[in-house]
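Coordinates from start_18.cif are shown below (mmCIF, C-alpha atoms).
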```cif
data_work
loop_
_atom_site.label_atom_id
_atom_site.label_comp_id
_atom_site.auth_asym_id
_atom_site.auth_seq_id
_atom_site.Cartn_x
_atom_site.Cartn_y
_atom_site.Cartn_z
CA MET A 919 -17.76 -30.48 -25.41
CA ASP A 920 -19.71 -30.91 -22.20
CA THR A 921 -21.71 -27.70 -22.09
CA VAL A 922 -22.39 -27.94 -18.35
CA ALA A 923 -18.70 -27.93 -17.49
CA ASP A 924 -17.54 -25.65 -20.31
CA PRO A 925 -15.54 -22.96 -18.49
CA LYS A 926 -16.20 -20.40 -21.22
CA ARG A 927 -19.95 -20.85 -20.88
CA ILE A 928 -19.71 -20.68 -17.10
CA ALA A 929 -17.69 -17.45 -17.13
CA VAL A 930 -20.14 -15.88 -19.58
CA GLN A 931 -23.05 -16.95 -17.39
CA PHE A 932 -21.89 -15.33 -14.16
CA THR A 933 -20.71 -12.18 -15.94
CA LEU A 934 -24.10 -11.72 -17.60
CA ILE A 935 -25.75 -12.24 -14.20
CA ASN A 936 -23.79 -9.22 -12.96
CA TRP A 937 -24.73 -7.18 -16.03
CA ASN A 938 -28.40 -7.97 -15.45
CA LEU A 939 -28.18 -7.09 -11.75
CA ASN A 940 -26.66 -3.72 -12.62
CA ARG A 941 -29.25 -3.14 -15.29
CA GLU A 942 -32.08 -3.93 -12.85
CA LYS A 943 -30.68 -1.46 -10.33
CA ALA A 944 -30.39 1.28 -12.95
CA GLU A 945 -33.87 0.67 -14.31
CA SER A 946 -35.33 0.62 -10.83
CA LEU A 947 -33.86 4.13 -10.31
CA LEU A 948 -35.17 5.28 -13.71
CA HIS A 949 -38.59 3.93 -12.81
CA THR A 950 -38.67 5.41 -9.30
CA LEU A 951 -37.15 8.86 -9.73
CA SER A 952 -38.73 11.79 -11.55
CA ASP A 953 -37.07 13.77 -14.34
CA GLU A 954 -36.57 16.55 -11.79
CA ALA A 955 -34.68 14.25 -9.43
CA PHE A 956 -32.15 13.55 -12.20
CA GLU A 957 -31.41 17.29 -12.38
CA ASN A 958 -29.92 17.04 -8.89
CA GLU A 959 -26.21 16.58 -8.28
CA VAL A 960 -25.27 13.25 -6.68
CA ALA A 961 -23.31 15.30 -4.11
CA PRO A 962 -22.72 19.05 -3.86
CA GLY A 963 -20.74 20.29 -6.88
CA ARG A 964 -20.63 16.83 -8.52
CA ASN A 965 -22.22 15.38 -11.64
CA ARG A 966 -25.96 15.61 -12.12
CA GLY A 967 -28.02 12.45 -12.47
CA ARG A 968 -28.94 13.33 -16.06
CA TYR A 969 -25.28 13.57 -17.05
CA LEU A 970 -24.47 10.19 -15.44
CA ILE A 971 -27.33 8.46 -17.26
CA GLY A 972 -26.01 9.87 -20.55
CA HIS A 973 -22.47 8.83 -19.57
CA LEU A 974 -23.56 5.23 -18.94
CA ILE A 975 -25.43 5.17 -22.27
CA ALA A 976 -22.32 6.43 -24.09
CA GLU A 977 -20.07 3.87 -22.35
CA HIS A 978 -22.44 1.02 -23.13
CA ASP A 979 -22.89 2.11 -26.73
CA GLU A 980 -19.10 2.15 -27.05
CA MET A 981 -19.02 -1.34 -25.52
CA ALA A 982 -21.53 -2.46 -28.17
CA GLY A 983 -18.98 -1.51 -30.81
CA LEU A 984 -16.17 -3.31 -28.99
CA ILE A 985 -18.09 -6.60 -28.93
CA GLY A 986 -19.30 -6.53 -32.51
CA GLU A 987 -22.74 -4.91 -32.25
CA ARG A 988 -23.50 -1.70 -34.16
CA ARG A 989 -23.07 1.62 -32.44
CA GLN A 990 -26.07 3.90 -32.62
CA TYR A 991 -25.30 6.80 -30.27
CA GLU A 992 -21.81 7.91 -31.24
CA HIS A 993 -23.04 11.50 -31.16
CA TYR A 994 -23.25 11.09 -27.36
CA ASP A 995 -19.48 10.60 -27.08
CA ALA A 996 -18.70 14.33 -27.37
CA LEU A 997 -21.29 15.16 -24.70
CA PHE A 998 -20.82 12.36 -22.20
CA LEU A 999 -17.36 10.84 -22.71
CA HIS A 1000 -15.22 13.76 -23.85
CA SER A 1001 -16.92 16.58 -21.91
CA PRO A 1002 -17.64 16.93 -18.21
CA ASP A 1003 -21.06 17.90 -16.90
CA ARG A 1004 -21.94 21.61 -17.35
CA SER A 1005 -19.52 22.01 -20.26
CA GLY A 1006 -21.88 24.48 -21.89
CA LYS A 1007 -23.05 21.88 -24.40
CA GLU A 1008 -26.77 21.21 -24.37
CA LEU A 1009 -27.59 17.74 -23.07
CA PRO A 1010 -30.53 15.61 -24.25
CA SER A 1011 -33.67 15.75 -22.12
CA MET A 1012 -34.46 13.02 -19.61
CA ALA A 1013 -37.32 11.97 -21.90
CA GLU A 1014 -34.82 11.32 -24.70
CA LEU A 1015 -32.34 9.62 -22.36
CA ARG A 1016 -35.02 7.31 -20.96
CA SER A 1017 -36.05 6.29 -24.45
CA VAL A 1018 -32.46 5.76 -25.64
CA TRP A 1019 -31.64 3.83 -22.45
CA SER A 1020 -34.44 1.35 -23.10
CA GLU A 1021 -33.65 0.88 -26.77
CA LEU A 1022 -29.93 0.39 -26.19
CA HIS A 1023 -30.15 -1.87 -23.16
CA GLU A 1024 -32.85 -4.11 -24.61
CA ARG A 1025 -30.97 -4.53 -27.88
CA LEU A 1026 -27.56 -4.92 -26.25
CA THR A 1027 -28.77 -7.46 -23.68
CA ALA A 1028 -30.48 -9.50 -26.41
CA TYR A 1029 -27.28 -9.36 -28.49
CA MET A 1030 -25.09 -10.42 -25.56
CA THR A 1031 -27.44 -13.21 -24.54
CA ALA A 1032 -27.25 -14.62 -28.07
CA MET A 1033 -23.43 -14.49 -28.28
CA SER A 1034 -21.73 -17.88 -28.07
CA PRO A 1035 -19.02 -18.57 -25.48
CA GLU A 1036 -16.57 -18.66 -28.39
CA ASP A 1037 -17.67 -15.16 -29.44
CA TRP A 1038 -17.07 -13.90 -25.91
CA PHE A 1039 -13.57 -15.34 -25.80
CA GLY A 1040 -12.73 -13.78 -29.17
CA ARG A 1041 -10.81 -10.51 -29.46
CA HIS A 1042 -12.57 -7.19 -29.08
CA SER A 1043 -12.47 -4.66 -31.89
CA ARG A 1044 -9.60 -2.56 -30.52
CA ILE A 1045 -6.95 -5.26 -30.42
CA SER A 1046 -5.30 -6.65 -33.54
CA ALA A 1047 -5.19 -10.35 -34.37
CA GLU A 1048 -1.42 -10.24 -33.78
CA GLY A 1049 -1.75 -8.51 -30.43
CA PHE A 1050 -4.41 -10.97 -29.35
CA VAL A 1051 -2.00 -13.88 -29.76
CA HIS A 1052 0.15 -12.36 -27.03
CA GLU A 1053 -2.68 -10.98 -24.89
CA PRO A 1054 -5.53 -13.51 -25.18
CA HIS A 1055 -7.18 -12.06 -22.07
CA ARG A 1056 -8.16 -8.96 -24.06
CA ASN A 1057 -11.37 -10.58 -25.18
CA ARG A 1058 -14.98 -9.44 -25.29
CA LEU A 1059 -15.83 -10.93 -21.92
CA ALA A 1060 -13.02 -8.88 -20.36
CA VAL A 1061 -14.68 -5.79 -21.82
CA LEU A 1062 -18.01 -6.66 -20.19
CA THR A 1063 -16.29 -7.48 -16.89
CA ASN A 1064 -14.62 -4.09 -16.92
CA ARG A 1065 -17.82 -2.25 -17.88
CA ASN A 1066 -19.74 -4.01 -15.12
CA VAL A 1067 -17.39 -2.46 -12.56
CA HIS A 1068 -17.73 0.94 -14.23
CA PHE A 1069 -21.54 0.49 -14.25
CA GLY A 1070 -21.45 -0.28 -10.53
CA TYR A 1071 -19.23 2.75 -9.85
CA HIS A 1072 -21.79 5.18 -11.23
CA LEU A 1073 -24.77 3.27 -9.81
CA GLY A 1074 -23.29 3.84 -6.37
CA GLN A 1075 -23.41 7.56 -7.14
CA LEU A 1076 -26.85 7.55 -8.76
CA ALA A 1077 -28.26 5.75 -5.71
CA LEU A 1078 -27.49 8.94 -3.75
CA LEU A 1079 -30.30 10.68 -5.68
CA LYS A 1080 -32.88 8.63 -3.78
CA GLY A 1081 -34.80 10.63 -1.19
CA MET B 1347 -3.33 -28.10 -21.70
CA ASP B 1348 -2.13 -25.07 -23.60
CA THR B 1349 -1.83 -22.49 -20.84
CA VAL B 1350 -1.97 -19.55 -23.22
CA ALA B 1351 -5.37 -20.51 -24.57
CA ASP B 1352 -6.76 -21.98 -21.33
CA PRO B 1353 -10.08 -20.16 -20.91
CA LYS B 1354 -10.03 -20.62 -17.14
CA ARG B 1355 -6.65 -18.95 -16.85
CA ILE B 1356 -7.77 -16.14 -19.17
CA ALA B 1357 -10.95 -15.45 -17.19
CA VAL B 1358 -8.97 -15.40 -13.93
CA GLN B 1359 -6.45 -13.02 -15.47
CA PHE B 1360 -8.88 -10.31 -16.54
CA THR B 1361 -10.89 -10.60 -13.34
CA LEU B 1362 -7.79 -10.11 -11.20
CA ILE B 1363 -6.87 -7.10 -13.37
CA ASN B 1364 -10.18 -5.53 -12.33
CA TRP B 1365 -9.57 -6.37 -8.68
CA ASN B 1366 -6.17 -4.73 -8.82
CA LEU B 1367 -7.56 -1.62 -10.54
CA ASN B 1368 -10.19 -1.26 -7.81
CA ARG B 1369 -7.59 -1.80 -5.13
CA GLU B 1370 -5.32 0.86 -6.64
CA LYS B 1371 -8.18 3.36 -6.68
CA ALA B 1372 -9.06 2.64 -3.06
CA GLU B 1373 -5.46 2.86 -1.89
CA SER B 1374 -4.93 6.08 -3.80
CA LEU B 1375 -7.88 7.56 -1.83
CA LEU B 1376 -6.51 6.18 1.44
CA HIS B 1377 -3.13 7.69 0.62
CA THR B 1378 -4.49 11.07 -0.47
CA LEU B 1379 -7.23 11.80 2.05
CA SER B 1380 -6.76 12.61 5.73
CA ASP B 1381 -8.45 10.79 8.59
CA GLU B 1382 -10.69 13.86 8.96
CA ALA B 1383 -11.82 13.63 5.32
CA PHE B 1384 -13.12 10.10 6.01
CA GLU B 1385 -15.36 11.52 8.75
CA ASN B 1386 -17.33 13.34 6.04
CA GLU B 1387 -20.50 11.93 4.49
CA VAL B 1388 -20.19 11.02 0.80
CA ALA B 1389 -23.36 13.10 0.28
CA PRO B 1390 -25.59 14.90 2.78
CA GLY B 1391 -27.20 12.41 5.15
CA ARG B 1392 -25.40 9.41 3.61
CA ASN B 1393 -22.69 7.05 4.84
CA ARG B 1394 -19.42 8.47 6.14
CA GLY B 1395 -16.17 7.53 4.45
CA ARG B 1396 -14.97 5.71 7.56
CA TYR B 1397 -18.04 3.47 7.55
CA LEU B 1398 -17.61 2.63 3.86
CA ILE B 1399 -13.95 1.66 4.34
CA GLY B 1400 -15.01 -0.67 7.17
CA HIS B 1401 -17.84 -2.01 5.01
CA LEU B 1402 -15.44 -2.88 2.17
CA ILE B 1403 -13.06 -4.56 4.61
CA ALA B 1404 -15.92 -6.66 6.02
CA GLU B 1405 -17.14 -7.62 2.54
CA HIS B 1406 -13.64 -8.58 1.41
CA ASP B 1407 -12.94 -10.53 4.58
CA GLU B 1408 -16.18 -12.41 3.99
CA MET B 1409 -15.04 -13.06 0.41
CA ALA B 1410 -11.79 -14.49 1.79
CA GLY B 1411 -13.85 -17.10 3.61
CA LEU B 1412 -15.90 -17.89 0.50
CA ILE B 1413 -12.80 -18.63 -1.58
CA GLY B 1414 -10.98 -20.73 0.99
CA GLU B 1415 -8.76 -18.22 2.80
CA ARG B 1416 -9.09 -17.70 6.55
CA ARG B 1417 -11.31 -14.94 7.87
CA GLN B 1418 -9.66 -12.62 10.34
CA TYR B 1419 -12.13 -9.76 10.85
CA GLU B 1420 -15.45 -11.46 11.50
CA HIS B 1421 -15.98 -9.07 14.42
CA TYR B 1422 -16.45 -6.34 11.77
CA ASP B 1423 -19.58 -8.04 10.41
CA ALA B 1424 -21.83 -6.75 13.20
CA LEU B 1425 -20.54 -3.21 12.70
CA PHE B 1426 -20.26 -2.95 8.95
CA LEU B 1427 -22.48 -5.60 7.38
CA HIS B 1428 -25.39 -5.94 9.80
CA SER B 1429 -25.56 -2.34 11.05
CA PRO B 1430 -25.92 0.92 9.13
CA ASP B 1431 -23.65 3.88 9.79
CA ARG B 1432 -24.41 5.78 13.02
CA SER B 1433 -26.07 2.75 14.63
CA GLY B 1434 -24.74 3.83 18.00
CA LYS B 1435 -22.03 1.15 17.91
CA GLU B 1436 -18.50 2.48 18.23
CA LEU B 1437 -16.55 2.09 14.99
CA PRO B 1438 -12.79 1.44 14.78
CA SER B 1439 -10.59 4.48 14.23
CA MET B 1440 -9.25 5.33 10.78
CA ALA B 1441 -5.79 4.37 12.06
CA GLU B 1442 -7.06 0.86 12.79
CA LEU B 1443 -9.00 0.65 9.51
CA ARG B 1444 -5.96 1.73 7.50
CA SER B 1445 -3.84 -0.93 9.14
CA VAL B 1446 -6.46 -3.66 8.71
CA TRP B 1447 -7.03 -2.61 5.09
CA SER B 1448 -3.35 -3.11 4.26
CA GLU B 1449 -3.02 -6.44 6.06
CA LEU B 1450 -6.18 -7.88 4.50
CA HIS B 1451 -5.64 -6.65 0.95
CA GLU B 1452 -1.99 -7.67 0.79
CA ARG B 1453 -2.72 -11.15 2.13
CA LEU B 1454 -5.89 -11.63 0.06
CA THR B 1455 -4.27 -10.45 -3.17
CA ALA B 1456 -1.28 -12.76 -2.61
CA TYR B 1457 -3.68 -15.64 -1.90
CA MET B 1458 -5.76 -14.95 -5.00
CA THR B 1459 -2.70 -14.55 -7.21
CA ALA B 1460 -1.47 -17.98 -6.09
CA MET B 1461 -4.80 -19.75 -6.70
CA SER B 1462 -4.85 -22.04 -9.73
CA PRO B 1463 -7.46 -21.64 -12.47
CA GLU B 1464 -8.91 -24.94 -11.23
CA ASP B 1465 -9.26 -23.49 -7.74
CA TRP B 1466 -11.12 -20.49 -9.14
CA PHE B 1467 -13.55 -22.67 -11.06
CA GLY B 1468 -14.23 -24.76 -7.95
CA ARG B 1469 -17.26 -24.20 -5.75
CA HIS B 1470 -17.30 -21.49 -3.12
CA SER B 1471 -17.89 -22.37 0.51
CA ARG B 1472 -21.60 -21.56 0.59
CA ILE B 1473 -22.75 -24.01 -2.08
CA SER B 1474 -22.89 -27.75 -1.52
CA ALA B 1475 -21.17 -30.27 -3.78
CA GLU B 1476 -24.62 -31.44 -4.90
CA GLY B 1477 -25.83 -27.92 -5.64
CA PHE B 1478 -22.67 -27.18 -7.57
CA VAL B 1479 -23.39 -30.00 -10.01
CA HIS B 1480 -26.53 -28.16 -11.09
CA GLU B 1481 -25.14 -24.63 -10.78
CA PRO B 1482 -21.49 -24.83 -11.84
CA HIS B 1483 -21.38 -21.06 -12.36
CA ARG B 1484 -21.46 -20.56 -8.58
CA ASN B 1485 -17.70 -20.80 -8.38
CA ARG B 1486 -15.04 -18.72 -6.66
CA LEU B 1487 -14.39 -16.59 -9.71
CA ALA B 1488 -18.07 -15.64 -9.78
CA VAL B 1489 -17.68 -14.44 -6.19
CA LEU B 1490 -14.76 -12.20 -7.14
CA THR B 1491 -16.61 -10.90 -10.21
CA ASN B 1492 -19.55 -9.96 -8.02
CA ARG B 1493 -17.37 -8.35 -5.35
CA ASN B 1494 -15.53 -6.33 -7.99
CA VAL B 1495 -18.82 -4.69 -8.95
CA HIS B 1496 -19.65 -4.07 -5.28
CA PHE B 1497 -16.14 -2.64 -4.77
CA GLY B 1498 -16.69 -0.27 -7.71
CA TYR B 1499 -20.10 0.76 -6.36
CA HIS B 1500 -18.65 2.07 -3.11
CA LEU B 1501 -15.52 3.49 -4.78
CA GLY B 1502 -17.83 5.69 -6.84
CA GLN B 1503 -19.19 7.02 -3.57
CA LEU B 1504 -15.84 7.34 -1.80
CA ALA B 1505 -14.49 9.32 -4.75
CA LEU B 1506 -16.98 12.04 -3.77
CA LEU B 1507 -14.90 12.71 -0.66
CA LYS B 1508 -12.18 14.25 -2.80
CA GLY B 1509 -11.97 18.02 -2.52
#
```

Since I need it in another form, could you write the structure as structure tokens?
Amino acid sequence: MDTVADPKRIAVQFTLINWNLNREKAESLLHTLSDEAFENEVAPGRNRGRYLIGHLIAEHDEMAGLIGERRQYEHYDALFLHSPDRSGKELPSMAELRSVWSELHERLTAYMTAMSPEDWFGRHSRISAEGFVHEPHRNRLAVLTNRNVHFGYHLGQLALLKG
Amino acid sequence: MDTVADPKRIAVQFTLINWNLNREKAESLLHTLSDEAFENEVAPGRNRGRYLIGHLIAEHDEMAGLIGERRQYEHYDALFLHSPDRSGKELPSMAELRSVWSELHERLTAYMTAMSPEDWFGRHSRISAEGFVHEPHRNRLAVLTNRNVHFGYHLGQLALLKG
């Protein structure tokens, strides 16, 4: 197959470009803003920055599982996926979240960069082989496409923390 | 070609699903919130809802041009792409923006739904035929993928207008 014109490779390429752009924006905020700034709400009465960073970690760790990489932060699900901010549960410190962010995003990006176009067009872990025959668009690249939009959604909110 | 397993068709399918999800979220906000609510800032000192709706219209009208559909709201560029909110320029009313939103998004979605997978994997209007040989990922579907993330970014902010 001509790799230059391979549509699978092309679709993977531009989707990973968007992932990397989102990741750069997030890491620029993490680099620029203090721990204290992440204690602020993105708007009055809304989620705090610290909660949203944990929420993105939990979503991206869940995505890791969907595309065949190991999950390492499932204990975040109860805090950041199944509970709202200020649920009464104690959240990890910004120091912990910064460290987990780096570990997860470096490992996940390396994993995704190494995946073949065929891997990306294979089924994700929550659809059965039978279901995938009828819904071949429910592949791993669709998961990343969806998470990129979700990533952008919360980046738009986190950007409001900037002074 | 087997249409079920055509990777171009599959990539178009899941990308349009994300477009439609974003559009539903935006139109739910437009349906739910009053004109007055769109006069509010998404956070203190930040863009007003009305400006962000105009900004999304301008971005999506520009996208129309990139993927081969006619542009109809280029006069919005100066207001919503090249000027920040409260630039001193008079912005269209919410009544006008609501009407333009519907016209543009109905026409654009119909146009995109009718595009063939080959159309989507063709070059967008800002890259030359020569450049496209070397960068075949700069296609129309890449434009939509990128705009979906941008759409999500501002939807995350507009959602803060909800009471």

With the cut-off set at 7 Å and counting only C-alpha atoms, tabulate each residue of chain A with an atom at most that distance from an atom of chain B, showing the nearest atom pair and its distance in Å to one decimal, ordered by chain and increasing number, as a tab-separated table.
```
residue	atom	partner	partner_atom	distance
A:Pro925	CA	B:Lys1354	CA	6.1
A:Lys926	CA	B:Pro1353	CA	6.1
A:Ile928	CA	B:His1483	CA	5.0
A:Gln931	CA	B:His1483	CA	6.7
A:Phe932	CA	B:Ala1488	CA	5.8
A:Asn936	CA	B:Asn1492	CA	6.6
A:Ala961	CA	B:Ala1389	CA	4.9
A:Pro1054	CA	B:Ile1356	CA	6.9
A:His1055	CA	B:Ile1356	CA	5.0
A:Ala1060	CA	B:Phe1360	CA	5.8
A:Asn1064	CA	B:Asn1364	CA	6.5
A:Asn1066	CA	B:Val1495	CA	6.3
A:Val1067	CA	B:Val1495	CA	4.5
A:His1068	CA	B:Gly1498	CA	6.7
A:Gly1070	CA	B:Tyr1499	CA	4.5
A:Tyr1071	CA	B:Tyr1499	CA	4.1
A:His1072	CA	B:Gly1502	CA	5.9
A:Leu1073	CA	B:Tyr1499	CA	6.3
A:Gly1074	CA	B:Tyr1499	CA	4.4
A:Gln1075	CA	B:Gln1503	CA	5.6
```

Using the chain letters and numbers from the file, give me the residues hit by the PyMOL selection byres ((chain B and resi 1379) around 12), as a ChimeraX atom specification. /B:1372-1378,1380-1386,1395-1396,1440,1444,1504-1509

Fewer than 3 positions away in the same chain doesn't count, so skip those; otherwise give me all residues within 10 Å of stretch 1003-1011 of chain A, counting all atoms listed in the file, as a list of chain:residue names.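 Result of the neighbour search: A:Asp953, A:Arg964, A:Asn965, A:Arg966, A:Gly967, A:Arg968, A:Tyr969, A:Leu970, A:Gly972, A:His973, A:Tyr994, A:Ala996, A:Leu997, A:Phe998, A:Leu999, A:His1000, A:Glu1014, A:Leu1015, A:Arg1016.
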
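Minimum atom-to-atom distances from B:Arg1417, B:Pro1430, B:Trp1447, B:Asn1366 to B:Leu1402 were compared using only C-alpha atoms, and the lowest value belongs to B:Trp1447.
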
Take every atom of stretch 1371-1376 of chain B listed in the file, fit an axis-aligned box around them, add 4 Å per side, and give the centre and edge lengths in Å to one decimal as AutoDock Vina command-line options.
```
--center_x -7.0 --center_y 5.1 --center_z -2.6 --size_x 12.1 --size_y 12.9 --size_z 16.1
```

Counting all atoms listed in the file, which residues sit no farther than 12 Å from the position (-12.7, -12.6, 3.9) in the file's frame? I'd like them as a PyMOL selection string. chain B and resi 1401-1423+1446-1447+1449-1451+1453-1455+1457-1458+1471+1489-1490+1493

Requested file, stretch 1473-1482 of chain B restricted to all heavy atoms, as an mmCIF file, in the first residue's frame:
```cif
data_model
loop_
_atom_site.group_PDB
_atom_site.id
_atom_site.type_symbol
_atom_site.label_atom_id
_atom_site.label_comp_id
_atom_site.auth_asym_id
_atom_site.auth_seq_id
_atom_site.Cartn_x
_atom_site.Cartn_y
_atom_site.Cartn_z
ATOM 1 N N ILE B 1473 -4.463 25.194 0.490
ATOM 2 C CA ILE B 1473 -3.201 24.515 0.170
ATOM 3 C C ILE B 1473 -3.172 24.259 -1.328
ATOM 4 O O ILE B 1473 -4.193 23.910 -1.937
ATOM 5 C CB ILE B 1473 -3.001 23.222 0.999
ATOM 6 C CG1 ILE B 1473 -1.648 22.586 0.665
ATOM 7 C CG2 ILE B 1473 -4.140 22.232 0.808
ATOM 8 C CD1 ILE B 1473 -1.202 21.527 1.647
ATOM 9 N N SER B 1474 -1.997 24.461 -1.921
ATOM 10 C CA SER B 1474 -1.858 24.287 -3.366
ATOM 11 C C SER B 1474 -1.815 22.799 -3.713
ATOM 12 O O SER B 1474 -1.548 21.952 -2.859
ATOM 13 C CB SER B 1474 -0.554 24.939 -3.836
ATOM 14 O OG SER B 1474 0.548 24.229 -3.296
ATOM 15 N N ALA B 1475 -2.063 22.505 -4.977
ATOM 16 C CA ALA B 1475 -1.983 21.119 -5.448
ATOM 17 C C ALA B 1475 -0.578 20.563 -5.201
ATOM 18 O O ALA B 1475 -0.419 19.400 -4.819
ATOM 19 C CB ALA B 1475 -2.350 21.042 -6.930
ATOM 20 N N GLU B 1476 0.429 21.399 -5.389
ATOM 21 C CA GLU B 1476 1.814 20.938 -5.188
ATOM 22 C C GLU B 1476 2.065 20.655 -3.705
ATOM 23 O O GLU B 1476 2.663 19.645 -3.341
ATOM 24 C CB GLU B 1476 2.829 21.989 -5.662
ATOM 25 C CG GLU B 1476 2.751 22.339 -7.144
ATOM 26 C CD GLU B 1476 1.551 23.207 -7.493
ATOM 27 O OE1 GLU B 1476 1.170 24.063 -6.661
ATOM 28 O OE2 GLU B 1476 0.959 23.008 -8.573
ATOM 29 N N GLY B 1477 1.611 21.575 -2.859
ATOM 30 C CA GLY B 1477 1.813 21.386 -1.421
ATOM 31 C C GLY B 1477 1.102 20.145 -0.913
ATOM 32 O O GLY B 1477 1.604 19.433 -0.035
ATOM 33 N N PHE B 1478 -0.047 19.871 -1.505
ATOM 34 C CA PHE B 1478 -0.865 18.745 -1.054
ATOM 35 C C PHE B 1478 -0.198 17.399 -1.345
ATOM 36 O O PHE B 1478 -0.422 16.418 -0.625
ATOM 37 C CB PHE B 1478 -2.239 18.827 -1.723
ATOM 38 C CG PHE B 1478 -3.279 17.906 -1.139
ATOM 39 C CD1 PHE B 1478 -3.611 17.949 0.210
ATOM 40 C CD2 PHE B 1478 -3.954 16.998 -1.951
ATOM 41 C CE1 PHE B 1478 -4.584 17.108 0.741
ATOM 42 C CE2 PHE B 1478 -4.929 16.151 -1.433
ATOM 43 C CZ PHE B 1478 -5.246 16.206 -0.078
ATOM 44 N N VAL B 1479 0.633 17.366 -2.364
ATOM 45 C CA VAL B 1479 1.363 16.126 -2.675
ATOM 46 C C VAL B 1479 2.263 15.759 -1.496
ATOM 47 O O VAL B 1479 2.396 14.587 -1.126
ATOM 48 C CB VAL B 1479 2.208 16.294 -3.963
ATOM 49 C CG1 VAL B 1479 3.121 15.091 -4.172
ATOM 50 C CG2 VAL B 1479 1.289 16.501 -5.159
ATOM 51 N N HIS B 1480 2.862 16.771 -0.884
ATOM 52 C CA HIS B 1480 3.790 16.526 0.225
ATOM 53 C C HIS B 1480 3.093 16.456 1.578
ATOM 54 O O HIS B 1480 3.618 15.872 2.509
ATOM 55 C CB HIS B 1480 4.859 17.629 0.254
ATOM 56 C CG HIS B 1480 5.644 17.696 -1.005
ATOM 57 N ND1 HIS B 1480 6.548 16.718 -1.360
ATOM 58 C CD2 HIS B 1480 5.634 18.597 -2.022
ATOM 59 C CE1 HIS B 1480 7.075 17.015 -2.542
ATOM 60 N NE2 HIS B 1480 6.530 18.149 -2.970
ATOM 61 N N GLU B 1481 1.908 17.097 1.668
ATOM 62 C CA GLU B 1481 1.187 17.111 2.944
ATOM 63 C C GLU B 1481 -0.268 16.676 2.728
ATOM 64 O O GLU B 1481 -1.195 17.487 2.857
ATOM 65 C CB GLU B 1481 1.228 18.508 3.571
ATOM 66 C CG GLU B 1481 2.652 18.971 3.910
ATOM 67 C CD GLU B 1481 2.637 20.329 4.609
ATOM 68 O OE1 GLU B 1481 2.272 21.317 3.948
ATOM 69 O OE2 GLU B 1481 2.971 20.390 5.797
ATOM 70 N N PRO B 1482 -0.445 15.394 2.395
ATOM 71 C CA PRO B 1482 -1.797 14.921 2.048
ATOM 72 C C PRO B 1482 -2.758 14.891 3.230
ATOM 73 O O PRO B 1482 -3.943 14.628 3.045
ATOM 74 C CB PRO B 1482 -1.543 13.507 1.508
ATOM 75 C CG PRO B 1482 -0.288 13.075 2.174
ATOM 76 C CD PRO B 1482 0.558 14.313 2.316
#
```
